[in-house]
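Structure data (TSV, C-alpha atoms and all ligand atoms) from final_7.tsv:
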chain	number	residue	atom	x	y	z
T	18	MET	CA	-12.68	17.63	14.36
T	19	THR	CA	-9.91	19.68	15.93
T	20	GLY	CA	-10.82	23.06	14.54
T	21	SER	CA	-10.35	24.75	17.88
T	22	VAL	CA	-6.82	23.43	18.44
T	23	ARG	CA	-4.22	26.15	18.18
T	24	GLU	CA	-1.61	25.35	15.54
T	25	PRO	CA	1.98	26.09	16.56
T	26	VAL	CA	3.81	28.56	14.35
T	27	VAL	CA	6.26	25.98	13.02
T	28	GLU	CA	3.41	23.95	11.51
T	29	SER	CA	1.88	26.75	9.53
T	30	THR	CA	5.32	27.32	8.07
T	31	VAL	CA	5.34	23.76	6.79
T	32	GLU	CA	1.84	24.17	5.40
T	33	SER	CA	2.66	27.31	3.48
T	34	VAL	CA	5.80	25.81	2.03
T	35	VAL	CA	4.43	22.40	1.08
T	36	GLU	CA	2.03	23.71	-1.54
T	37	SER	CA	4.81	25.27	-3.56
T	38	VAL	CA	7.54	22.67	-3.37
T	39	ASP	CA	8.25	19.31	-4.91
T	40	ASP	CA	5.63	19.74	-7.65
T	41	GLY	CA	2.82	18.35	-5.54
T	42	ALA	CA	4.80	15.37	-4.30
T	43	VAL	CA	4.14	14.53	-0.67
T	44	ILE	CA	7.08	12.14	-0.52
T	45	ARG	CA	10.10	12.32	-2.78
T	46	THR	CA	13.28	10.32	-2.41
T	47	ARG	CA	16.47	10.53	-4.43
T	48	ALA	CA	18.89	7.59	-4.53
T	49	LEU	CA	17.77	6.73	-1.01
T	50	THR	CA	19.98	3.97	0.33
T	51	LYS	CA	20.27	2.08	3.60
T	52	ARG	CA	22.99	-0.37	4.43
T	53	TYR	CA	22.62	-1.85	7.91
T	54	ARG	CA	25.63	-2.23	10.10
T	55	GLY	CA	25.90	-5.95	9.39
T	56	GLY	CA	26.45	-5.02	5.73
T	57	GLN	CA	22.91	-5.80	4.57
T	58	LEU	CA	21.86	-3.48	1.71
T	59	ALA	CA	18.18	-3.11	2.60
T	60	VAL	CA	17.28	-0.17	0.32
T	61	ASP	CA	19.30	0.46	-2.82
T	62	GLY	CA	19.13	3.82	-4.67
T	63	LEU	CA	15.38	4.41	-4.30
T	64	ASP	CA	13.74	7.23	-6.33
T	65	LEU	CA	10.16	7.39	-5.11
T	66	THR	CA	7.53	10.03	-5.88
T	67	VAL	CA	4.22	9.99	-4.02
T	68	PRO	CA	1.73	12.48	-5.51
T	69	ALA	CA	-0.44	14.56	-3.18
T	70	GLY	CA	-3.96	13.14	-2.90
T	71	SER	CA	-2.97	9.62	-3.92
T	72	VAL	CA	-3.51	6.36	-2.10
T	73	PHE	CA	-0.06	4.99	-2.71
T	74	GLY	CA	0.63	1.29	-2.36
T	75	PHE	CA	4.17	0.33	-1.48
T	76	LEU	CA	4.36	-3.24	-2.55
T	77	GLY	CA	6.95	-5.94	-2.19
T	78	PRO	CA	7.59	-9.34	-0.67
T	79	ASN	CA	8.83	-9.66	2.90
T	80	GLY	CA	12.36	-8.37	3.25
T	81	SER	CA	12.23	-6.18	0.12
T	82	GLY	CA	12.98	-3.00	2.10
T	83	LYS	CA	9.54	-1.49	2.71
T	84	THR	CA	9.80	-1.05	6.46
T	85	THR	CA	13.35	0.27	6.19
T	86	THR	CA	12.14	2.88	3.68
T	87	ILE	CA	9.23	3.89	5.91
T	88	ARG	CA	11.54	4.23	8.90
T	89	MET	CA	13.80	6.54	6.90
T	90	LEU	CA	10.81	8.59	5.72
T	91	MET	CA	9.64	9.01	9.31
T	92	GLY	CA	13.10	10.07	10.43
T	93	LEU	CA	13.46	7.03	12.69
T	94	ILE	CA	16.72	5.93	11.05
T	95	GLU	CA	19.31	7.79	8.99
T	96	PRO	CA	19.88	6.87	5.36
T	97	THR	CA	23.36	5.68	4.43
T	98	ALA	CA	23.15	7.77	1.25
T	99	GLY	CA	20.65	9.75	-0.80
T	100	SER	CA	17.83	11.94	0.45
T	101	ALA	CA	14.18	11.84	1.46
T	102	ARG	CA	11.73	14.74	1.49
T	103	VAL	CA	8.36	14.53	3.21
T	104	LEU	CA	5.84	17.36	2.74
T	105	GLY	CA	8.63	19.18	0.93
T	106	HIS	CA	11.10	19.02	3.81
T	107	PRO	CA	14.26	16.98	4.27
T	108	MET	CA	14.07	14.05	6.64
T	109	PRO	CA	15.23	13.35	9.27
T	110	ARG	CA	16.41	17.01	9.62
T	111	ALA	CA	12.91	18.54	9.54
T	112	ALA	CA	11.22	15.74	11.50
T	113	ARG	CA	10.01	18.06	14.28
T	114	ALA	CA	8.20	20.34	11.83
T	115	VAL	CA	6.94	17.63	9.49
T	116	LEU	CA	5.80	14.83	11.81
T	117	PRO	CA	2.85	16.69	13.40
T	118	HIS	CA	1.28	16.60	9.92
T	119	VAL	CA	1.89	12.90	9.46
T	120	GLY	CA	-0.14	10.12	11.07
T	121	ALA	CA	1.76	6.86	11.23
T	122	LEU	CA	0.90	3.28	12.07
T	123	ILE	CA	4.12	1.30	11.99
T	124	GLU	CA	4.61	-2.25	13.21
T	125	GLY	CA	1.31	-2.38	15.11
T	126	PRO	CA	0.02	0.20	17.57
T	127	ALA	CA	1.54	0.43	21.05
T	128	LEU	CA	-1.44	0.08	23.39
T	129	TYR	CA	-2.00	-0.34	27.10
T	130	GLY	CA	-4.11	-3.49	27.40
T	131	PHE	CA	-5.38	-2.61	30.87
T	132	LEU	CA	-6.79	0.74	29.69
T	133	SER	CA	-9.98	1.20	27.71
T	134	GLY	CA	-9.81	2.27	24.08
T	135	ARG	CA	-10.88	5.77	25.09
T	136	ASP	CA	-8.31	6.02	27.89
T	137	ASN	CA	-5.57	4.83	25.53
T	138	LEU	CA	-6.41	7.70	23.19
T	139	LEU	CA	-6.63	10.23	26.03
T	140	ARG	CA	-3.20	9.16	27.15
T	141	TYR	CA	-1.84	9.29	23.64
T	142	ASP	CA	-3.23	12.77	23.10
T	143	ALA	CA	-1.80	13.94	26.42
T	144	ALA	CA	1.66	12.88	25.28
T	145	ASP	CA	1.47	15.42	22.44
T	146	PRO	CA	2.74	18.74	23.84
T	147	THR	CA	1.03	20.69	21.07
T	148	ALA	CA	-2.45	19.22	21.79
T	149	ASP	CA	-4.76	21.55	23.75
T	150	PRO	CA	-5.97	19.69	26.90
T	151	ARG	CA	-9.27	21.63	26.87
T	152	THR	CA	-10.35	20.01	23.61
T	153	ARG	CA	-8.86	16.58	24.37
T	154	ARG	CA	-12.11	14.74	25.13
T	155	ALA	CA	-13.81	16.07	22.01
T	156	ARG	CA	-10.82	15.07	19.92
T	157	VAL	CA	-10.79	11.54	21.31
T	158	THR	CA	-14.57	11.15	20.87
T	159	ALA	CA	-14.31	12.26	17.24
T	160	ALA	CA	-11.40	9.89	16.55
T	161	LEU	CA	-13.29	6.93	18.08
T	162	GLU	CA	-16.32	7.77	15.99
T	163	ARG	CA	-14.15	8.05	12.90
T	164	VAL	CA	-12.89	4.46	13.15
T	165	GLY	CA	-16.20	3.00	14.36
T	166	LEU	CA	-15.12	2.26	17.93
T	167	THR	CA	-17.62	4.44	19.80
T	168	ALA	CA	-19.60	1.46	21.14
T	169	ALA	CA	-16.43	-0.35	22.27
T	170	ALA	CA	-14.69	2.75	23.66
T	171	GLY	CA	-15.12	1.68	27.30
T	172	LYS	CA	-13.78	-1.84	26.81
T	173	LYS	CA	-10.24	-2.68	27.86
T	174	ALA	CA	-7.90	-2.73	24.85
T	175	LYS	CA	-6.72	-6.25	25.69
T	176	ALA	CA	-10.27	-7.47	24.98
T	177	TYR	CA	-10.19	-5.94	21.49
T	178	SER	CA	-9.85	-8.10	18.40
T	179	LEU	CA	-6.78	-7.53	16.24
T	180	GLY	CA	-8.91	-5.49	13.83
T	181	MET	CA	-10.19	-3.29	16.66
T	182	LYS	CA	-6.64	-2.77	17.94
T	183	GLN	CA	-5.57	-1.76	14.47
T	184	ARG	CA	-8.49	0.68	14.26
T	185	LEU	CA	-7.58	2.10	17.66
T	186	GLY	CA	-4.05	2.63	16.35
T	187	LEU	CA	-5.53	4.44	13.38
T	188	ALA	CA	-7.67	6.56	15.70
T	189	ALA	CA	-4.48	7.56	17.52
T	190	ALA	CA	-2.93	8.55	14.19
T	191	LEU	CA	-6.06	10.56	13.40
T	192	LEU	CA	-6.29	12.58	16.61
T	193	ARG	CA	-5.14	15.55	14.60
T	194	PRO	CA	-5.91	16.45	11.00
T	195	ARG	CA	-3.16	14.93	8.87
T	196	ARG	CA	-1.86	15.71	5.45
T	197	LEU	CA	-0.27	12.30	5.14
T	198	LEU	CA	-0.97	8.91	6.67
T	199	VAL	CA	1.75	6.26	6.61
T	200	LEU	CA	0.53	2.75	7.31
T	201	ASP	CA	2.91	-0.21	7.42
T	202	GLU	CA	1.01	-3.38	6.47
T	203	PRO	CA	-2.24	-2.08	8.02
T	204	THR	CA	-4.25	-5.23	7.30
T	205	ASN	CA	-1.58	-7.75	8.31
T	206	GLY	CA	-3.11	-10.53	10.39
T	207	LEU	CA	-6.67	-9.25	10.03
T	208	ASP	CA	-9.63	-11.39	9.02
T	209	PRO	CA	-11.51	-10.47	5.81
T	210	GLN	CA	-14.01	-8.32	7.71
T	211	GLY	CA	-11.21	-6.43	9.50
T	212	MET	CA	-9.46	-5.93	6.16
T	213	ARG	CA	-12.61	-4.52	4.60
T	214	GLU	CA	-13.03	-2.08	7.49
T	215	ILE	CA	-9.50	-0.76	7.20
T	216	ARG	CA	-9.79	-0.47	3.41
T	217	SER	CA	-13.03	1.47	3.56
T	218	LEU	CA	-11.53	3.79	6.17
T	219	VAL	CA	-8.53	4.39	3.91
T	220	ARG	CA	-10.88	5.22	1.02
T	221	GLU	CA	-12.84	7.65	3.19
T	222	LEU	CA	-9.70	9.42	4.37
T	223	ALA	CA	-8.44	9.70	0.82
T	224	ALA	CA	-11.78	11.13	-0.30
T	225	GLU	CA	-11.31	13.83	2.32
T	226	GLY	CA	-7.96	14.76	0.80
T	227	THR	CA	-5.46	12.94	3.02
T	228	THR	CA	-2.64	11.30	1.08
T	229	VAL	CA	-2.28	7.70	2.23
T	230	PHE	CA	0.97	5.77	1.84
T	231	LEU	CA	0.51	2.13	2.73
T	232	SER	CA	2.81	-0.84	2.47
T	233	SER	CA	1.54	-4.28	1.67
T	234	HIS	CA	2.63	-7.62	0.35
T	235	LEU	CA	-0.87	-8.26	-1.02
T	236	LEU	CA	-1.32	-7.43	-4.67
T	237	ASP	CA	-5.11	-7.55	-4.64
T	238	GLU	CA	-5.19	-5.18	-1.68
T	239	ILE	CA	-3.22	-2.62	-3.68
T	240	GLU	CA	-5.55	-3.08	-6.65
T	241	GLN	CA	-8.60	-2.55	-4.46
T	242	VAL	CA	-7.64	0.64	-2.65
T	243	CYS	CA	-4.68	2.30	-4.30
T	244	THR	CA	-4.55	4.88	-7.08
T	245	HIS	CA	-0.78	4.57	-7.39
T	246	ALA	CA	1.78	1.93	-6.52
T	247	ALA	CA	5.47	1.20	-6.39
T	248	VAL	CA	6.87	-2.30	-6.50
T	249	MET	CA	10.01	-3.19	-4.57
T	250	ALA	CA	12.15	-6.30	-4.81
T	251	GLN	CA	15.41	-6.86	-2.94
T	252	GLY	CA	15.75	-3.22	-1.94
T	253	ARG	CA	15.24	-1.87	-5.44
T	254	LEU	CA	12.33	-0.11	-7.07
T	255	ILE	CA	11.03	-2.13	-10.00
T	256	VAL	CA	8.25	0.17	-11.15
T	257	GLN	CA	6.00	2.99	-9.92
T	258	GLY	CA	3.01	4.84	-11.31
T	259	PRO	CA	-0.80	4.89	-11.46
T	260	VAL	CA	-2.19	1.40	-10.75
T	261	ALA	CA	-4.24	1.45	-13.96
T	262	ASP	CA	-1.11	2.12	-16.04
T	263	LEU	CA	0.89	-0.58	-14.29
T	264	ALA	CA	-1.74	-3.20	-15.02
T	265	ALA	CA	-2.27	-1.95	-18.58
T	266	GLY	CA	1.45	-2.46	-19.22
T	267	ALA	CA	0.93	-6.20	-19.04
T	268	ARG	CA	-0.93	-8.19	-21.64
T	269	GLY	CA	-4.16	-9.90	-20.62
T	270	ARG	CA	-4.80	-13.64	-20.81
T	271	LEU	CA	-6.77	-15.42	-23.47
T	272	VAL	CA	-9.26	-17.78	-21.83
T	273	VAL	CA	-11.04	-20.57	-23.71
T	274	THR	CA	-13.68	-22.65	-21.95
T	275	THR	CA	-14.32	-25.94	-23.67
T	276	PRO	CA	-15.24	-29.58	-23.04
T	277	ASP	CA	-12.20	-30.42	-25.26
T	278	PRO	CA	-9.37	-28.73	-23.32
T	279	ALA	CA	-6.52	-30.99	-24.53
T	280	ASP	CA	-7.41	-30.36	-28.18
T	281	ALA	CA	-7.81	-26.65	-27.55
T	282	ALA	CA	-4.38	-26.48	-25.90
T	283	ARG	CA	-2.80	-28.38	-28.82
T	284	VAL	CA	-4.37	-26.06	-31.41
T	285	LEU	CA	-3.32	-22.93	-29.54
T	286	LYS	CA	0.26	-24.21	-29.31
T	287	GLU	CA	0.25	-25.07	-33.02
T	288	GLN	CA	-0.82	-21.49	-33.69
T	289	GLY	CA	2.25	-20.27	-31.82
T	290	VAL	CA	0.46	-18.98	-28.73
T	291	ALA	CA	2.75	-18.74	-25.67
T	292	ASP	CA	2.25	-19.92	-22.09
T	293	VAL	CA	-0.68	-22.30	-22.62
T	294	VAL	CA	-2.08	-23.48	-19.28
T	295	LEU	CA	-4.65	-26.24	-19.01
T	296	ALA	CA	-7.00	-26.48	-16.03
T	297	GLU	CA	-10.01	-28.79	-16.43
T	298	GLU	CA	-12.37	-27.14	-18.92
T	299	ARG	CA	-10.41	-23.91	-19.01
T	300	VAL	CA	-7.41	-23.26	-21.21
T	301	SER	CA	-5.60	-19.97	-20.80
T	302	ALA	CA	-2.68	-18.52	-22.70
T	303	GLU	CA	-0.86	-15.28	-23.38
T	304	ALA	CA	-3.22	-13.09	-25.41
T	305	PRO	CA	-2.02	-12.05	-28.86
T	306	SER	CA	-1.63	-8.31	-29.28
T	307	ALA	CA	-3.84	-7.88	-32.39
T	308	ASP	CA	-7.59	-8.45	-32.58
T	309	ARG	CA	-7.17	-10.07	-36.00
T	310	GLU	CA	-4.96	-12.77	-34.49
T	311	LEU	CA	-7.68	-13.42	-31.92
T	312	ALA	CA	-10.23	-13.95	-34.68
T	313	ASP	CA	-7.83	-16.33	-36.47
T	314	LEU	CA	-7.28	-18.33	-33.28
T	315	ASN	CA	-11.01	-18.68	-32.73
T	316	SER	CA	-11.45	-19.86	-36.28
T	317	ALA	CA	-8.55	-22.36	-35.95
T	318	LEU	CA	-10.15	-23.86	-32.85
T	319	VAL	CA	-13.51	-24.26	-34.56
T	320	LYS	CA	-11.93	-25.74	-37.74
T	321	ALA	CA	-10.11	-28.32	-35.59
T	322	GLY	CA	-13.46	-29.42	-34.17
T	323	VAL	CA	-12.89	-27.93	-30.71
T	324	ARG	CA	-16.25	-27.16	-29.13
T	325	VAL	CA	-15.75	-23.63	-27.78
T	326	ARG	CA	-18.08	-22.57	-25.00
T	327	GLY	CA	-16.31	-19.34	-24.08
T	328	PHE	CA	-13.57	-17.29	-25.73
T	329	SER	CA	-12.40	-14.09	-24.07
T	330	VAL	CA	-9.46	-11.97	-23.03
T	331	GLU	CA	-9.24	-11.24	-19.30
T	332	ARG	CA	-7.95	-7.85	-18.29
T	333	ALA	CA	-4.39	-7.91	-16.98
T	334	SER	CA	-4.08	-7.64	-13.23
T	335	LEU	CA	-1.34	-6.03	-11.25
T	336	GLU	CA	-0.11	-9.56	-10.64
T	337	ASP	CA	0.27	-10.14	-14.39
T	338	ALA	CA	2.19	-6.86	-14.55
T	339	PHE	CA	4.42	-7.96	-11.71
T	340	VAL	CA	5.13	-11.32	-13.32
T	341	ALA	CA	5.85	-9.59	-16.65
T	342	LEU	CA	8.24	-7.17	-14.96
T	343	THR	CA	10.16	-9.57	-12.82
T	344	GLY	CA	9.72	-12.85	-14.66
T	345	GLU	CA	8.60	-14.45	-11.44
T	346	GLY	CA	5.49	-14.90	-9.35
T	347	PHE	CA	4.67	-12.76	-6.40
T	348	ASP	CA	5.33	-15.49	-3.89
T	349	VAL	CA	5.64	-14.33	-0.34
T	350	ALA	CA	6.33	-16.18	2.82
T	351	GLY	CA	3.97	-15.24	5.61
A	401	LIG	N1	17.94	-3.55	11.99
A	401	LIG	C1	18.38	-4.30	10.97
A	401	LIG	N2	19.66	-4.74	10.92
A	401	LIG	C2	20.12	-5.50	9.90
A	401	LIG	N3	19.36	-5.88	8.84
A	401	LIG	C3	18.07	-5.49	8.83
A	401	LIG	C4	17.50	-4.68	9.87
A	401	LIG	N4	16.20	-4.44	9.59
A	401	LIG	C5	15.95	-5.07	8.41
A	401	LIG	N5	17.06	-5.69	7.95
A	401	LIG	C6	17.20	-6.44	6.68
A	401	LIG	O1	16.97	-5.54	5.62
A	401	LIG	C7	16.19	-6.16	4.59
A	401	LIG	C8	14.92	-5.36	4.34
A	401	LIG	O2	14.06	-5.48	5.48
A	401	LIG	P1	12.70	-4.66	5.67
A	401	LIG	O3	12.17	-4.98	7.00
A	401	LIG	O4	12.93	-3.24	5.33
A	401	LIG	O5	11.80	-5.32	4.54
A	401	LIG	P2	10.22	-5.31	4.38
A	401	LIG	O6	9.98	-5.24	2.91
A	401	LIG	O7	9.62	-4.27	5.22
A	401	LIG	O8	9.85	-6.74	4.90
A	401	LIG	P3	8.78	-7.13	6.02
A	401	LIG	O9	7.47	-7.03	5.35
A	401	LIG	O10	9.21	-8.53	6.37
A	401	LIG	O11	8.99	-6.16	7.16
A	401	LIG	C9	15.93	-7.57	5.04
A	401	LIG	O12	16.88	-8.41	4.45
A	401	LIG	C10	16.14	-7.53	6.53
A	401	LIG	O13	16.61	-8.75	7.02
Represent the structure from my file as structure tokens, please.
Ligand SMILES: Nc1ncnc2c1ncn2[C@@H]1O[C@H](COP(=O)(O)OP(=O)(O)OP(=O)(O)O)[C@@H](O)[C@H]1O
Amino acid sequence: MTGSVREPVVESTVESVVESVDDGAVIRTRALTKRYRGGQLAVDGLDLTVPAGSVFGFLGPNGSGKTTTIRMLMGLIEPTAGSARVLGHPMPRAARAVLPHVGALIEGPALYGFLSGRDNLLRYDAADPTADPRTRRARVTAALERVGLTAAAGKKAKAYSLGMKQRLGLAAALLRPRRLLVLDEPTNGLDPQGMREIRSLVRELAAEGTTVFLSSHLLDEIEQVCTHAAVMAQGRLIVQGPVADLAAGARGRLVVTTPDPADAARVLKEQGVADVVLAEERVSAEAPSADRELADLNSALVKAGVRVRGFSVERASLEDAFVALTGEGFDVAG
């Protein structure tokens, strides 16, 4: 969309270097630590690796240190200790060279309500000293199209829904081609339709080769859009890796549907099955690791006269993995 924009020399330097450094990691932190002035340890020794081309979910309950990490990655605040590299360059030292390649949407977009969506973007683009004014209109039109706001481009931003405002913020982040997009809770406060729109946009951008780093406190959101994830709790990294591996690390749940749930639960407990949960005609429990044990359980239920309507093992979700890792539920306030 911005093929005719002249790239400043400093940017091509970053581009040529990034391919060869950090083994394809777009973000890499080492023992990254932030202690706020009041003494609060917000991020504690974080080693994070975000592979190029991934949609990376940065997951954790409110207050777990996600925003603090993102602010350090973007060079907005200095770490207390440790280091962060973005596109192969140290932050915040190389912020001026790195940031033109990074689109960011942090803590909601700053918009002028009295201006139209299009005029907001024109203004935003004009604030970028490296953006060629001759191609400005074309750039803005392409960005509006990209996020599906062409029809609403002339409306004042204050009349936009929250989802439209969020998309306008994304359009601003996409005025230039980006190697990395950093989105802090991009679907926060959106209705299901708005969430779907943002998710499908993220998938499209990823398909075009942009690495997307997004924070969220919603496990199912991460499962739906992310290829990789890291889980934070109280400033510390609990786990990171491909989403499929994280979920596979947790055992699935055995689910028995039956008109005799109390008997089924009793038999499963007698057989030594852990974590038996009874809910109307559905009894679930921790799945045994061997198939043979499953067959024995089924047979024990039938022998005890339990009428079994369904007997299956449900695939572990990221939530199961999280519970297995932390021993607690993923309860978040707000
Ligand atoms: N400027 C600040 N000064 C002091 N403490 C802060 C500051 N900003 C954040 N904190 C504290 O640091 C911890 C981590 O906060 P942070 O905002 O990074 O978490 P988060 O995971 O992004 O949560 P949320 O989703 O609520 O933004 C919290 O305990 C928070 O109260």
Contacts of ligand LIG 401 (chain A), 8 Å or closer, only C-alpha atoms and all ligand atoms, given as a PyMOL selection string: chain T and resi 52-60+77-86+202+233-234+249+251-252
Nearest candidate to Leu132 in chain T (options T:Ala176, T:Val294, T:Val284, T:Ala307; using only C-alpha atoms):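 Closest residue, counting only C-alpha atoms: T:Ala176.
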Who sits within 10 Å of Val256 in chain T, all atoms listed in the file, same chain under 6 positions skipped, as a PyMOL selection string: chain T and resi 65+246-250+263+338-339+342
Distance query Ala317 in chain T at most 10 Å, all atoms listed in the file, self and fewer than 4 positions along chain excluded, as a ChimeraX atom specification: /T:281,284-285,287-288,311-313,321-323
Residue with smallest distance to Pro117 in chain T - pool T:Val67, T:Leu49, T:Ala190, T:Val272, counting all atoms listed in the file: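 Selected residue with least distance to Pro117 in chain T: T:Ala190.
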Selected residue of minimal separation from Ala223 in chain T among T:Ala169, T:Leu197, T:Leu295, T:Leu207, counting all atoms listed in the file: T:Leu197
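Using all atoms listed in the file, the nearest neighbour of Ala304 in chain T within the list T:Leu198, T:Ala264, T:Ala159, T:Leu271 is T:Leu271.
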Residues near His118 in chain T, cut-off 10 Å, all atoms listed in the file, skip fewer than 3 positions along chain, as a PyMOL selection string: chain T and resi 28+31-32+103-104+113-115+121+193-198
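Distance-wise, CA of Gln257 in chain T and CA of His245 in chain T end up 7.4 Å apart.
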Nearest-residue call for Ser71 in chain T, choices T:Thr152, T:Thr50, T:Thr227, T:Ser133, using all atoms listed in the file: T:Thr227
Nearest-residue call for Lys175 in chain T, choices T:Ala279, T:Ala148, T:Ala127, T:Leu187, using all atoms listed in the file: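 Nearest to Lys175 in chain T: T:Ala127.
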Point-to-point distance in Å for CA of Arg270 in chain T and CA of Glu303 in chain T: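 CA of Arg270 in chain T lies at a distance of 5.0 Å from CA of Glu303 in chain T.
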Point-to-point distance in Å for CA of Gly211 in chain T and CA of Gly180 in chain T: 5.0 Å
Selection near Glu124 in chain T, 12 Å with only C-alpha atoms, sequence-local residues under 2 positions removed, as a ChimeraX atom specification: /T:83-85,87-88,121-122,126-127,183,186,199-206,232
I'd like the neighbourhood of Glu238 in chain T as a PDB file with C-alpha atoms, keeping the file's coordinate frame, where a residue qualifies if any of its atoms comes within 9 Å (using only C-alpha atoms), though same-chain residues fewer than 6 positions away should be ignored.
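Here's the written file around.pdb:
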ATOM      1  CA  GLY T  74       0.630   1.290  -2.360  1.00  0.00           C
ATOM      2  CA  MET T 212      -9.460  -5.930   6.160  1.00  0.00           C
ATOM      3  CA  ARG T 216      -9.790  -0.470   3.410  1.00  0.00           C
TER       4      ARG T 216
END
Edge lengths and centre in Å, axis-aligned, range 43-47 of chain T plus 8 Å each side, as JSON:
{"center_x": 10.3, "center_y": 12.4, "center_z": -2.5, "size_x": 28.3, "size_y": 20.2, "size_z": 19.9}
